[in-house]
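Worksheet: one structure, shown below.
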Amino acid sequence: MISINNVSVAFGSFTLLDNINFHISDGDKIGLVGKNGAGKSTLMKLITGEQQPTSGAVQMPSGVRIGYLPQIMEHHNGHTVMEEVLQVFDYIHEMEREQERITTQLGERTDYESEAYAALIARLNELSDTLGLESGESPRAQAEKVLFGLGFKADELDRKTETFSQGWNMRIELAKILLSRPDVLLLDEPTNHLDIESIEWFEDYLKAYRGSLLLVSHDRKFLDNVTKRTVEILLGHINDYKVPYSQYVTLREERIAQQKAAYENQQRMIEKTEDFINRFRYKPTKSNQVQSRIKALEKLERIEIDETDNSTLTLKFPPAQRSGDVVFKGTDLTVGYPQKVVFSHAGIEIKRGEKVALIGRNGEGKTTLMRVLMGELEPMEGEARLGHNVNIGYYAQNQEEVLDPSLTVFDTLEGIAVGDIRTKLRDILGAFLFKGEDIDKKVSVLSGGERARLGMARLMLESHNVLALDEPTNHMDIRSKDVLKQALLSFDGTLIVVSHDRDFLDGLVDKLYEFRDGKVKEHLGSVADFLRKRKLESLQELERHLKEIPLAPVDREKKDDRKQEFQARKAVSREERKIRNRVSFLEKEIARCETRLAEIEGILAAPGKEDDILDLTAEYLNLKRNMDAYTEEWATLSEQLD
């Protein structure tokens with residue numbers, strides 16, 4: 001479907017991508033991996049046409065629809081969430097208007113035998129078929145399904161988009177992309193602003209998605225669950241593995257080990273051959289053998305070991321001084337702002353040495369509790385008390401606001417370093433991958449990953465016995481996250497972390513506080529234990545499920561209960577008949593599409609002089625899109641009937 005052919009991207013003397021080649025086929029689900037700055041986002045921009053290669057070309061058939069979610073995007077104001085998302089379906093209204101125009105024309109015309117009249121009839125049939133496909137579920141119902149899955153609540157759909165944070169506006173843009181049903185999805189770090197509940201829903205959506213997917217993510221578990229192929233960008237080159245991420249890591253290690261073994265064996269053979277040549281070069285009786293071996297060496301294809309980028313963080317937190325047994329205690333805690341109570345009547349207790357995660361939907365109070373911990377926000381009611389000798393090191397989520405953009409990387413640390421540590425600043429920055437000229441960069445030009453590393457370096461300049469980390473892995477690549485996780489496992493103090501990264505949290509924390517619907521609930525165990533207890537793939541689904549099954553008041557008579565039960569069964573029966581009729585229609589349409597697709601494939605395999613290849617290809621793509629949509633809807637409805 002999409003071919004990247006001999007593509008190179010250079011900036012002056014620096015080559016970011018060097019003559020890379022690979023192909024994205026129909027239905028491929030690819031994880032695009034590599035260190036921060038390797039060129040992953042650049043490759044996506046090349047595919048969308050936002051950026052042009054220095055050499056080479058990106059080729060794809062005309063008519064391919066691409067849905068692209070960049071890391072940073074423009075958001076649209078002036079509409080409610082629902083109004084903004086429903087714009088995706090404007091094409092339906094346009095088709096309905098065109099259908100009305102054609103119907104009016106047909107009623108007024110009398111040239112029934114003309115080609116123009118026949119063309120209008122054909123277009124009307126095409127519009128009717130397409131609109132018939134769209135009639136299964138209303139645009140609003142489709143929009144609600146996706147928005148609820150991405151974490152929005154019903155009462156938020158009529159709020160203006162400008163009243164939401166950047167992260168929530170990213171979800172709105174993601175919803176629009178998903179609802180447009182593109183042939184290819186290009187997603188650049190889509191989980192950065194999603195919470196655990198939304199990620200679970202999004203995983204299921206992408207598993208069922210029938211188009212092609214190119215995904216950049218630093219969430220190992222998300223990659224493993226969604227992708228089946230891994231394309232690695234390493235030092236400007238491409239390595240393509242037909243397996244998910246975890247298997248790619250294993251295969252890559254095995255491949256490098258095999259290359260090293262083969263290289264070493266070849267080097268020993270070359271050394272022995274050269275030794276023979278040098279010993280017998282001038283001996284007449286060995287001249288034929290010497291010449292033969294010289295020619296063999298000249299023809300020998302030398303084995304090379306793939307270059308590897310072994311640079312990684314060196315991270316170890318300073319030893320923690322002993323604090324009191326209770327690090328933080330919140331009693332009957334109500335916290336919020338003048339315009340809104342975020343959570344109320346919470347009981348929270350964190351003891352020395354515990355590693356605790358704060359999880360839940362964005363906006364439910366995780367960062368707000370961090371502000372209470374840091375003394376930046378006073379509770380409205382209740383008591384928030386730090387324990388004896390508690391020294392908190394705080395990593396804020398918004399590093400771009402915490403760090404001074406006018407300072408250099410070196411100045412950022414020098415401004416807070418005291419004592420002997422000032423003589424080791426270059427070594428500390430080197431451990432965080434700031435080397436050479438990097439330390440003189442202004443903070444304003446740093447990438448998200450570089451700012452995350454710089455913020456973590458600041459945190460380590462002083463010894464803390466409590467680490468409060470708010471989304472520390474956002475923008476960190478997988479290797480850096482692994483190093484951070486190991487450092488936190490070795491940290492002998494107390495850890496309080498806000499994160500939506502399940503792989504990062506699993507095995508790191510042993511207690512969770514869930515922020516949900518204005519309440520805070522304690523859960524003992526790991527993130528995996530917590531999600532298993534839910535028995536549903538998404539916490540958001542649980543919330544909707546409960547809303548959809550209202551409980552009858554306890555004082556109703558049994559007669560009323562039986563009447564309600566009968567009416568409910570009757571409604572279900574009507575809905576079931578409606579679904580079965582729709583399934584029957586979809587099966588016929590799928591069969592029709594399959595027949596025509598087979599016909600077109602036969603023509604394209606041996607086209608005649610009168611066959612219009614472009615029209616046939618366009619028809620083929622349109623049919624395939626329709627059939628994919630039919631099949632996706634058929635699968636969803638069939639599950640409801642099981």
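Ligands are numbered from 1 in the order shown, chains are lettered A, B, ... in the order of the structure tokens, and residues start at 1 in each chain.
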Determine, for each residue of segment 144-209 of chain A having at least one atom at most 12 Å from an atom of segment 501-504 of chain A, the closest pair of atoms and their separation in Å to one decimal, counting only C-alpha atoms; order by chain and ascending number, as JSON lines.
{"residue": "A:Thr191", "atom": "CA", "partner": "A:Asp501", "partner_atom": "CA", "distance": 8.7}
{"residue": "A:Asn192", "atom": "CA", "partner": "A:Asp501", "partner_atom": "CA", "distance": 9.0}
{"residue": "A:His193", "atom": "CA", "partner": "A:Asp501", "partner_atom": "CA", "distance": 10.7}
{"residue": "A:Leu194", "atom": "CA", "partner": "A:Asp501", "partner_atom": "CA", "distance": 9.5}
{"residue": "A:Asp195", "atom": "CA", "partner": "A:Asp501", "partner_atom": "CA", "distance": 8.3}
{"residue": "A:Ile196", "atom": "CA", "partner": "A:Asp501", "partner_atom": "CA", "distance": 7.2}
{"residue": "A:Glu197", "atom": "CA", "partner": "A:Arg502", "partner_atom": "CA", "distance": 10.5}
{"residue": "A:Ser198", "atom": "CA", "partner": "A:Asp501", "partner_atom": "CA", "distance": 11.6}
{"residue": "A:Ile199", "atom": "CA", "partner": "A:Asp501", "partner_atom": "CA", "distance": 9.1}
{"residue": "A:Glu200", "atom": "CA", "partner": "A:Arg502", "partner_atom": "CA", "distance": 10.0}
Give me, as a PyMOL selection string, the residues of segment 368-470 of chain A that a backbone DSSP run labels strand (DSSP E or B). chain A and resi 381-386+392-395+408+442+466-470
Atoms kept (all heavy atoms) for selection, written as a compact mmCIF listing (two decimals), in the first residue's frame:
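Wrote it out as selection22.txt, contents follow:
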# COMPACT_ATOMS: atom_id res chain seq x y z
N GLU A 381 -11.30 20.95 53.37
CA GLU A 381 -11.73 20.35 54.63
C GLU A 381 -10.78 19.21 54.97
O GLU A 381 -10.08 18.69 54.11
CB GLU A 381 -13.16 19.81 54.52
CG GLU A 381 -14.23 20.85 54.28
CD GLU A 381 -15.61 20.22 54.14
OE1 GLU A 381 -15.77 19.04 54.53
OE2 GLU A 381 -16.52 20.90 53.63
N GLY A 382 -10.80 18.80 56.22
CA GLY A 382 -9.95 17.70 56.65
C GLY A 382 -8.54 18.16 56.93
O GLY A 382 -8.23 19.36 56.95
N GLU A 383 -7.66 17.17 57.15
CA GLU A 383 -6.27 17.48 57.53
C GLU A 383 -5.31 16.73 56.62
O GLU A 383 -5.48 15.54 56.34
CB GLU A 383 -6.03 17.05 58.98
CG GLU A 383 -4.61 17.37 59.46
CD GLU A 383 -4.36 16.85 60.87
OE1 GLU A 383 -5.14 15.99 61.33
OE2 GLU A 383 -3.38 17.28 61.50
N ALA A 384 -4.28 17.44 56.15
CA ALA A 384 -3.19 16.85 55.37
C ALA A 384 -1.90 17.10 56.14
O ALA A 384 -1.54 18.25 56.39
CB ALA A 384 -3.12 17.46 53.98
N ARG A 385 -1.22 16.01 56.51
CA ARG A 385 -0.05 16.17 57.38
C ARG A 385 1.12 15.33 56.88
O ARG A 385 0.97 14.13 56.60
CB ARG A 385 -0.42 15.75 58.80
CG ARG A 385 0.68 15.93 59.83
CD ARG A 385 0.13 15.75 61.24
NE ARG A 385 -0.53 14.46 61.40
CZ ARG A 385 0.12 13.33 61.71
NH1 ARG A 385 1.43 13.35 61.89
NH2 ARG A 385 -0.55 12.20 61.85
N LEU A 386 2.28 15.99 56.74
CA LEU A 386 3.51 15.27 56.42
C LEU A 386 4.12 14.70 57.69
O LEU A 386 3.99 15.27 58.77
CB LEU A 386 4.53 16.19 55.74
CG LEU A 386 4.23 16.65 54.30
CD1 LEU A 386 5.33 17.59 53.82
CD2 LEU A 386 4.11 15.46 53.36
N ILE A 392 10.78 15.92 50.42
CA ILE A 392 10.18 15.45 49.16
C ILE A 392 10.93 16.03 47.96
O ILE A 392 11.18 17.22 47.88
CB ILE A 392 8.69 15.87 49.06
CG1 ILE A 392 7.90 15.29 50.23
CG2 ILE A 392 8.09 15.39 47.74
CD1 ILE A 392 6.44 15.69 50.24
N GLY A 393 11.26 15.15 47.03
CA GLY A 393 11.77 15.55 45.73
C GLY A 393 10.65 15.43 44.72
O GLY A 393 10.10 14.34 44.52
N TYR A 394 10.28 16.54 44.08
CA TYR A 394 9.08 16.58 43.23
C TYR A 394 9.47 16.72 41.77
O TYR A 394 10.21 17.62 41.38
CB TYR A 394 8.20 17.75 43.67
CG TYR A 394 6.91 17.90 42.89
CD1 TYR A 394 6.11 16.80 42.61
CD2 TYR A 394 6.50 19.15 42.44
CE1 TYR A 394 4.92 16.94 41.90
CE2 TYR A 394 5.30 19.30 41.73
CZ TYR A 394 4.53 18.19 41.47
OH TYR A 394 3.35 18.32 40.77
N TYR A 395 8.95 15.80 40.95
CA TYR A 395 9.10 15.88 39.50
C TYR A 395 7.73 16.22 38.92
O TYR A 395 6.80 15.42 38.99
CB TYR A 395 9.60 14.55 38.94
CG TYR A 395 9.72 14.53 37.43
CD1 TYR A 395 10.93 14.83 36.81
CD2 TYR A 395 8.64 14.21 36.62
CE1 TYR A 395 11.05 14.82 35.43
CE2 TYR A 395 8.75 14.20 35.24
CZ TYR A 395 9.96 14.50 34.65
OH TYR A 395 10.07 14.49 33.29
N THR A 408 20.64 27.64 29.72
CA THR A 408 21.21 26.49 29.04
C THR A 408 21.03 25.25 29.92
O THR A 408 20.66 25.35 31.10
CB THR A 408 22.71 26.67 28.76
OG1 THR A 408 23.41 26.72 30.01
CG2 THR A 408 22.96 27.95 27.98
N LYS A 442 20.01 25.73 24.75
CA LYS A 442 18.97 26.40 25.53
C LYS A 442 17.85 25.40 25.83
O LYS A 442 17.52 24.54 25.00
CB LYS A 442 18.39 27.58 24.75
CG LYS A 442 19.37 28.73 24.54
CD LYS A 442 19.45 29.63 25.75
CE LYS A 442 20.25 30.89 25.43
NZ LYS A 442 20.34 31.79 26.59
N VAL A 466 11.61 11.02 50.02
CA VAL A 466 10.33 10.78 49.35
C VAL A 466 10.43 11.35 47.94
O VAL A 466 10.81 12.51 47.75
CB VAL A 466 9.15 11.45 50.09
CG1 VAL A 466 7.84 11.22 49.31
CG2 VAL A 466 9.02 10.91 51.50
N LEU A 467 10.11 10.53 46.95
CA LEU A 467 10.06 10.99 45.56
C LEU A 467 8.60 11.06 45.13
O LEU A 467 7.87 10.06 45.21
CB LEU A 467 10.83 10.05 44.64
CG LEU A 467 12.34 9.96 44.86
CD1 LEU A 467 12.95 8.94 43.90
CD2 LEU A 467 13.00 11.33 44.66
N ALA A 468 8.17 12.23 44.70
CA ALA A 468 6.81 12.42 44.18
C ALA A 468 6.94 12.72 42.69
O ALA A 468 7.36 13.82 42.31
CB ALA A 468 6.11 13.57 44.91
N LEU A 469 6.61 11.75 41.86
CA LEU A 469 6.86 11.84 40.43
C LEU A 469 5.53 11.87 39.67
O LEU A 469 4.75 10.93 39.75
CB LEU A 469 7.70 10.66 39.94
CG LEU A 469 8.97 10.34 40.75
CD1 LEU A 469 9.70 9.15 40.12
CD2 LEU A 469 9.88 11.55 40.83
N ASP A 470 5.29 12.94 38.95
CA ASP A 470 4.04 13.11 38.20
C ASP A 470 4.32 12.86 36.71
O ASP A 470 4.93 13.68 36.04
CB ASP A 470 3.49 14.53 38.40
CG ASP A 470 2.05 14.67 37.93
OD1 ASP A 470 1.53 13.72 37.32
OD2 ASP A 470 1.45 15.74 38.16
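Nearest to Lys366 of chain A of all the residues A:Ala257, A:Val520, A:Met60, A:Ala528 is A:Val520, based on only C-alpha atoms.
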To one decimal place in Å, what is the distance between atom CA of Gln258 of chain A and atom CA of Tyr245 of chain A? 19.8 Å
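Among A:Leu604, A:Ile47, A:Ala122, A:Ile359, the residue with the shortest atom-to-atom distance to Phe530 of chain A, counting only C-alpha atoms, is A:Ile359.
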May I have the residues within 8 Å of segment 612-627 of chain A as a VMD selection string, using only C-alpha atoms and disregarding those fewer than 4 positions away in the same chain? chain A and resid 62 to 64 183 589 to 590 593 to 594 597 600 604 607 631
Counting only C-alpha atoms, what is within 10 Å of segment 19-30 of chain A, bar same-chain residues fewer than 4 positions away, as a PyMOL selection string? chain A and resi 1-9+15+54-60+183-186+206-207+209-216+223+226-231+233+236-245
With segment 513-519 of chain A as the partner and 7 Å as the cut-off, tabulate the residues of segment 335-386 of chain A that qualify, each row holding the nearest pair of atoms and their distance in Å to one decimal, using only C-alpha atoms, sorted by chain and rising number, as JSON lines.
{"residue": "A:Val342", "atom": "CA", "partner": "A:Gly518", "partner_atom": "CA", "distance": 5.8}
{"residue": "A:Phe343", "atom": "CA", "partner": "A:Gly518", "partner_atom": "CA", "distance": 4.0}
{"residue": "A:Ser344", "atom": "CA", "partner": "A:Lys519", "partner_atom": "CA", "distance": 6.0}
{"residue": "A:Ala346", "atom": "CA", "partner": "A:Lys519", "partner_atom": "CA", "distance": 6.5}
{"residue": "A:Ala357", "atom": "CA", "partner": "A:Tyr513", "partner_atom": "CA", "distance": 6.4}
{"residue": "A:Leu358", "atom": "CA", "partner": "A:Tyr513", "partner_atom": "CA", "distance": 5.0}
{"residue": "A:Ile359", "atom": "CA", "partner": "A:Glu514", "partner_atom": "CA", "distance": 5.1}
{"residue": "A:Gly360", "atom": "CA", "partner": "A:Phe515", "partner_atom": "CA", "distance": 5.0}
{"residue": "A:Arg361", "atom": "CA", "partner": "A:Arg516", "partner_atom": "CA", "distance": 6.9}
{"residue": "A:Glu364", "atom": "CA", "partner": "A:Phe515", "partner_atom": "CA", "distance": 5.7}
{"residue": "A:Gly365", "atom": "CA", "partner": "A:Phe515", "partner_atom": "CA", "distance": 6.5}
{"residue": "A:Lys366", "atom": "CA", "partner": "A:Phe515", "partner_atom": "CA", "distance": 6.9}
Please produce a file of those selected residues containing all heavy atoms, as an mmCIF file, in the first residue's frame.
data_model
loop_
_atom_site.group_PDB
_atom_site.id
_atom_site.type_symbol
_atom_site.label_atom_id
_atom_site.label_comp_id
_atom_site.auth_asym_id
_atom_site.auth_seq_id
_atom_site.Cartn_x
_atom_site.Cartn_y
_atom_site.Cartn_z
ATOM 1 N N VAL A 342 -12.539 18.784 43.719
ATOM 2 C CA VAL A 342 -11.972 17.720 42.886
ATOM 3 C C VAL A 342 -12.242 16.347 43.497
ATOM 4 O O VAL A 342 -12.673 15.426 42.821
ATOM 5 C CB VAL A 342 -10.462 17.932 42.677
ATOM 6 C CG1 VAL A 342 -9.875 16.819 41.814
ATOM 7 C CG2 VAL A 342 -10.206 19.287 42.023
ATOM 8 N N PHE A 343 -11.966 16.186 44.799
ATOM 9 C CA PHE A 343 -12.343 14.952 45.504
ATOM 10 C C PHE A 343 -12.649 15.304 46.956
ATOM 11 O O PHE A 343 -12.193 16.333 47.472
ATOM 12 C CB PHE A 343 -11.270 13.863 45.402
ATOM 13 C CG PHE A 343 -9.927 14.224 45.978
ATOM 14 C CD1 PHE A 343 -9.673 14.085 47.340
ATOM 15 C CD2 PHE A 343 -8.904 14.678 45.155
ATOM 16 C CE1 PHE A 343 -8.428 14.398 47.872
ATOM 17 C CE2 PHE A 343 -7.659 15.004 45.681
ATOM 18 C CZ PHE A 343 -7.428 14.861 47.048
ATOM 19 N N SER A 344 -13.437 14.444 47.610
ATOM 20 C CA SER A 344 -13.891 14.782 48.960
ATOM 21 C C SER A 344 -13.834 13.576 49.884
ATOM 22 O O SER A 344 -13.905 12.418 49.448
ATOM 23 C CB SER A 344 -15.324 15.328 48.896
ATOM 24 O OG SER A 344 -16.206 14.366 48.352
ATOM 25 N N ALA A 346 -11.574 12.006 51.601
ATOM 26 C CA ALA A 346 -10.614 10.950 51.289
ATOM 27 C C ALA A 346 -9.757 10.623 52.501
ATOM 28 O O ALA A 346 -9.352 11.515 53.259
ATOM 29 C CB ALA A 346 -9.722 11.378 50.126
ATOM 30 N N ALA A 357 1.187 4.110 43.686
ATOM 31 C CA ALA A 357 0.764 4.738 42.431
ATOM 32 C C ALA A 357 -0.567 5.445 42.623
ATOM 33 O O ALA A 357 -1.455 4.933 43.304
ATOM 34 C CB ALA A 357 0.649 3.699 41.324
ATOM 35 N N LEU A 358 -0.699 6.610 42.032
ATOM 36 C CA LEU A 358 -1.968 7.332 41.960
ATOM 37 C C LEU A 358 -2.489 7.153 40.546
ATOM 38 O O LEU A 358 -1.835 7.574 39.577
ATOM 39 C CB LEU A 358 -1.775 8.820 42.276
ATOM 40 C CG LEU A 358 -0.979 9.164 43.537
ATOM 41 C CD1 LEU A 358 -0.920 10.687 43.724
ATOM 42 C CD2 LEU A 358 -1.558 8.502 44.768
ATOM 43 N N ILE A 359 -3.645 6.502 40.409
ATOM 44 C CA ILE A 359 -4.158 6.210 39.079
ATOM 45 C C ILE A 359 -5.590 6.717 38.952
ATOM 46 O O ILE A 359 -6.256 6.977 39.952
ATOM 47 C CB ILE A 359 -4.114 4.700 38.760
ATOM 48 C CG1 ILE A 359 -5.041 3.918 39.699
ATOM 49 C CG2 ILE A 359 -2.707 4.172 38.829
ATOM 50 C CD1 ILE A 359 -5.217 2.475 39.307
ATOM 51 N N GLY A 360 -6.048 6.815 37.731
ATOM 52 C CA GLY A 360 -7.415 7.263 37.484
ATOM 53 C C GLY A 360 -7.479 8.204 36.307
ATOM 54 O O GLY A 360 -6.464 8.598 35.716
ATOM 55 N N ARG A 361 -8.679 8.567 35.997
ATOM 56 C CA ARG A 361 -8.957 9.433 34.855
ATOM 57 C C ARG A 361 -8.297 10.799 35.047
ATOM 58 O O ARG A 361 -8.244 11.326 36.152
ATOM 59 C CB ARG A 361 -10.479 9.569 34.753
ATOM 60 C CG ARG A 361 -11.033 10.353 33.600
ATOM 61 C CD ARG A 361 -12.559 10.253 33.651
ATOM 62 N NE ARG A 361 -13.204 11.052 32.624
ATOM 63 C CZ ARG A 361 -13.590 12.298 32.797
ATOM 64 N NH1 ARG A 361 -13.397 12.888 33.963
ATOM 65 N NH2 ARG A 361 -14.181 12.958 31.823
ATOM 66 N N GLU A 364 -9.140 13.952 37.741
ATOM 67 C CA GLU A 364 -9.837 13.460 38.941
ATOM 68 C C GLU A 364 -9.106 13.805 40.234
ATOM 69 O O GLU A 364 -9.640 13.555 41.314
ATOM 70 C CB GLU A 364 -10.039 11.943 38.851
ATOM 71 C CG GLU A 364 -11.030 11.510 37.784
ATOM 72 C CD GLU A 364 -12.474 11.697 38.220
ATOM 73 O OE1 GLU A 364 -12.699 12.237 39.316
ATOM 74 O OE2 GLU A 364 -13.376 11.314 37.458
ATOM 75 N N GLY A 365 -7.866 14.354 40.143
ATOM 76 C CA GLY A 365 -7.242 14.837 41.367
ATOM 77 C C GLY A 365 -5.862 14.299 41.682
ATOM 78 O O GLY A 365 -5.323 14.583 42.757
ATOM 79 N N LYS A 366 -5.230 13.543 40.775
ATOM 80 C CA LYS A 366 -3.921 12.975 41.069
ATOM 81 C C LYS A 366 -2.872 14.076 41.238
ATOM 82 O O LYS A 366 -2.160 14.125 42.244
ATOM 83 C CB LYS A 366 -3.507 11.996 39.963
ATOM 84 C CG LYS A 366 -4.530 10.894 39.713
ATOM 85 C CD LYS A 366 -4.067 9.889 38.690
ATOM 86 C CE LYS A 366 -3.840 10.481 37.320
ATOM 87 N NZ LYS A 366 -5.101 10.960 36.682
#
Of the listed residues A:Val146, A:Leu446, A:Leu157, A:Leu433, that which approaches Phe202 of chain A most closely, counting only C-alpha atoms: A:Val146
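Omitting Pro405 of chain A and its sequence neighbours fewer than 6 positions away, and counting only C-alpha atoms, the residues within 9 Å are Lys442, Val443, Ser444 and Val445 of chain A.
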Would you write out those residues with C-alpha atoms, as a PDB file, in the first residue's frame?
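again_34.pdb, written as the output of this step:
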ATOM      1  CA  LYS A 442      18.970  26.401  25.527  1.00  0.00           C
ATOM      2  CA  VAL A 443      16.125  24.646  27.357  1.00  0.00           C
ATOM      3  CA  SER A 444      13.733  26.220  24.843  1.00  0.00           C
ATOM      4  CA  VAL A 445      15.091  24.031  21.998  1.00  0.00           C
TER       5      VAL A 445
END
Considering only alpha helix (DSSP H) as DSSP defines it on the backbone, what residues of segment 223-353 of chain A qualify? List them as a VMD selection string. chain A and resid 223 to 226 245 to 280 287 to 299
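Using only C-alpha atoms, the residues found no farther than 9 Å from Glu96 of chain A, other than those of its own chain fewer than 6 positions away, are A:Leu127, A:Ser128, A:Leu131.
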Gap from atom CA of Asn391 of chain A to atom CA of Ser323 of chain A - Å, one decimal: 8.1 Å
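With only C-alpha atoms as the atoms that count, the minimum distance from Val33 of chain A to the choices A:Ile478, A:Ile350, A:Val290, A:Ala452 is reached by A:Ile478.
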Find the spatial neighbours of Glu587 of chain A, counting only C-alpha atoms, within a cut-off of 9 Å - ignore same-chain residues fewer than 5 positions away - and output them as a ChimeraX atom specification. /A:582,592,630-631,634
If you keep C-alpha atoms, can you produce a file of those selected residues as a PDB file, in the first residue's frame?
ATOM      1  CA  ARG A 582     -29.069  -5.358   9.909  1.00  0.00           C
ATOM      2  CA  ARG A 592     -21.753  -8.407  -3.266  1.00  0.00           C
ATOM      3  CA  TYR A 630     -19.509  -3.734   6.580  1.00  0.00           C
ATOM      4  CA  THR A 631     -17.372  -6.513   8.066  1.00  0.00           C
ATOM      5  CA  TRP A 634     -21.104  -7.218  11.153  1.00  0.00           C
TER       6      TRP A 634
END
